[in-house]
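K.L.:
Starting off with a structure, shown below.
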Amino acid sequence: MLTRRLLQLLIGLAMYGVSLAMFIRAGLGLDPWDVFHQGLAVKTGLSIGTVVVIVSFLVLLFWIPLRQWPGVGTLCNAVLVGVFADVGLALIPKFSHLGGQIGMLAGAIVLNGIASACYIGARLGPGARDGLMTGLARRTGWSVRASRTGIEVVVLGAGWLLGGSVGVGTVLYALAIGPLVQLLLPRFTVPEVKRPEIPVAAADTAVAAS
């Protein structure tokens with residue numbers, strides 16, 4: 001099971017990074033966090049993948065007062081999504097016509113949903129941004145939805161001011177990603193391996209024999 005979980009995690013993170021590149025190449029708007037990442041990339045001159053990695057580790061610093069602990073999936077997420085985003089941008093061409101842009105956007109949303117279900121379903125730790133959301137909800141008593149909305153409104157506004165791309169893709173992602181992940185997550189969640197229970201009588205016999 002561990003091998004499957006690690007493989008599923010890595011595939012999911014690779015697909016997530018490529019889906020980010022597809023959103024950028026579609027040119028119709030990004031999800032809130034990636035609007036922020038793109039805005040920082042525009043201002044700093046760094047690749048968006050590099051910015052994703054840097055922001056991921058900065059967000060992890062906010063886990064400290066929230067008493068959140070990263071898992072192996074958290075650390076892999078922090079590094080690999082940015083790496084594969086840059087790889088995707090190097091391989092995926094830009095589209096100059098609307099039909100291609102729409103197709104690319106639709107593919108990006110679907111791939112992002114599959115990728116999210118893969119890495120969440122691997123159960124090896126949340127991404128830095130997801131952990132910030134759940135940690136804030138736990139420490140403040142806010143609902144997860146309120147925490148997510150508050151964080152994403154802030155990063156979306158900051159990213160837009162920095163020059164990130166906001167558009168119809170931003171709205172479609174917000175509407176589609178939740179139901180899509182909810183639909184796919186049961187298919188990708190790796191079940192926990194339950195240890196067989198020892199009957200009480202057998203356990204007593206074993207203790208007596210020892």
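Letters for chains follow the order of the structure tokens (A, B, ...), residue numbers begin at 1 for each chain, and ligand numbers begin at 1 in the order shown.
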Mind checking which residues fall within 10 Å of A:His37, counting only C-alpha atoms, ignoring those fewer than 3 positions away in the same chain, and posting them as a PyMOL selection string?
P.N.:
chain A and resi 30-34+40-42+47-55+155-156+158-159+162-165
K.L.:
Need the shell around A:Leu28: protein/DNA/RNA residues with any atom at most 9 Å away, counting only C-alpha atoms. Skip same-chain ones fewer than 3 positions apart. Format as a ChimeraX atom specification?
P.N.:
/A:23-25,101-102,105,165-170
K.L.:
Show which residues sit within 12 Å of A:Gly103, as a PDB file with N, CA and C atoms, in the first residue's frame. Count only C-alpha atoms, and ignore same-chain residues fewer than 3 positions away.
P.N.:
```
ATOM      1  N   MET A  22      -1.225  24.421 -18.012  1.00  0.00           N
ATOM      2  CA  MET A  22      -2.335  24.472 -18.967  1.00  0.00           C
ATOM      3  C   MET A  22      -3.223  25.687 -18.711  1.00  0.00           C
ATOM      4  N   PHE A  23      -3.483  25.992 -17.449  1.00  0.00           N
ATOM      5  CA  PHE A  23      -4.258  27.196 -17.122  1.00  0.00           C
ATOM      6  C   PHE A  23      -3.578  28.442 -17.675  1.00  0.00           C
ATOM      7  N   ARG A  25      -1.368  28.654 -20.170  1.00  0.00           N
ATOM      8  CA  ARG A  25      -1.394  28.648 -21.630  1.00  0.00           C
ATOM      9  C   ARG A  25      -2.794  28.932 -22.183  1.00  0.00           C
ATOM     10  N   ALA A  26      -3.840  28.583 -21.429  1.00  0.00           N
ATOM     11  CA  ALA A  26      -5.202  28.905 -21.867  1.00  0.00           C
ATOM     12  C   ALA A  26      -5.430  30.410 -21.879  1.00  0.00           C
ATOM     13  N   GLY A  27      -4.809  31.115 -20.938  1.00  0.00           N
ATOM     14  CA  GLY A  27      -4.888  32.570 -20.917  1.00  0.00           C
ATOM     15  C   GLY A  27      -6.259  33.124 -20.592  1.00  0.00           C
ATOM     16  N   LEU A  28      -7.072  32.360 -19.860  1.00  0.00           N
ATOM     17  CA  LEU A  28      -8.445  32.798 -19.557  1.00  0.00           C
ATOM     18  C   LEU A  28      -8.678  32.973 -18.060  1.00  0.00           C
ATOM     19  N   PHE A  95      -1.925  29.163 -27.193  1.00  0.00           N
ATOM     20  CA  PHE A  95      -2.994  29.121 -28.182  1.00  0.00           C
ATOM     21  C   PHE A  95      -3.448  30.542 -28.473  1.00  0.00           C
ATOM     22  N   HIS A  97      -6.089  31.175 -30.631  1.00  0.00           N
ATOM     23  CA  HIS A  97      -7.503  31.226 -30.997  1.00  0.00           C
ATOM     24  C   HIS A  97      -8.355  30.746 -29.826  1.00  0.00           C
ATOM     25  N   LEU A  98      -9.588  31.269 -29.755  1.00  0.00           N
ATOM     26  CA  LEU A  98     -10.441  31.043 -28.602  1.00  0.00           C
ATOM     27  C   LEU A  98     -10.794  29.566 -28.413  1.00  0.00           C
ATOM     28  N   GLY A  99     -11.023  28.839 -29.503  1.00  0.00           N
ATOM     29  CA  GLY A  99     -11.373  27.429 -29.388  1.00  0.00           C
ATOM     30  C   GLY A  99     -10.305  26.626 -28.667  1.00  0.00           C
ATOM     31  N   GLY A 100      -9.062  26.859 -29.039  1.00  0.00           N
ATOM     32  CA  GLY A 100      -7.960  26.172 -28.381  1.00  0.00           C
ATOM     33  C   GLY A 100      -7.833  26.566 -26.926  1.00  0.00           C
ATOM     34  N   ALA A 106     -10.676  23.771 -20.226  1.00  0.00           N
ATOM     35  CA  ALA A 106     -11.476  22.629 -19.776  1.00  0.00           C
ATOM     36  C   ALA A 106     -10.583  21.463 -19.362  1.00  0.00           C
ATOM     37  N   GLY A 107      -9.558  21.187 -20.176  1.00  0.00           N
ATOM     38  CA  GLY A 107      -8.619  20.115 -19.840  1.00  0.00           C
ATOM     39  C   GLY A 107      -7.871  20.399 -18.548  1.00  0.00           C
ATOM     40  N   ALA A 108      -7.523  21.670 -18.319  1.00  0.00           N
ATOM     41  CA  ALA A 108      -6.805  22.042 -17.097  1.00  0.00           C
ATOM     42  C   ALA A 108      -7.659  21.809 -15.863  1.00  0.00           C
ATOM     43  N   ILE A 109      -8.942  22.164 -15.933  1.00  0.00           N
ATOM     44  CA  ILE A 109      -9.827  21.980 -14.784  1.00  0.00           C
ATOM     45  C   ILE A 109     -10.007  20.501 -14.470  1.00  0.00           C
ATOM     46  N   VAL A 110     -10.244  19.690 -15.507  1.00  0.00           N
ATOM     47  CA  VAL A 110     -10.426  18.253 -15.296  1.00  0.00           C
ATOM     48  C   VAL A 110      -9.141  17.621 -14.748  1.00  0.00           C
ATOM     49  N   GLY A 169     -11.820  31.778 -16.443  1.00  0.00           N
ATOM     50  CA  GLY A 169     -11.239  30.552 -15.910  1.00  0.00           C
ATOM     51  C   GLY A 169     -11.211  30.550 -14.390  1.00  0.00           C
TER      52      GLY A 169
END
```
K.L.:
Determine, for each residue of stretch 14-42 of chain A having at least one atom at most 10 Å from an atom of stretch 118-125 of chain A, the closest pair of atoms and their separation in Å to one decimal, counting only C-alpha atoms; order by chain and ascending number, as a Markdown table.
P.N.:
```
| residue | atom | partner | partner_atom | distance |
| --- | --- | --- | --- | --- |
| A:Ala14 | CA | A:Tyr119 | CA | 9.7 |
| A:Met15 | CA | A:Cys118 | CA | 9.2 |
| A:Tyr16 | CA | A:Tyr119 | CA | 9.0 |
```
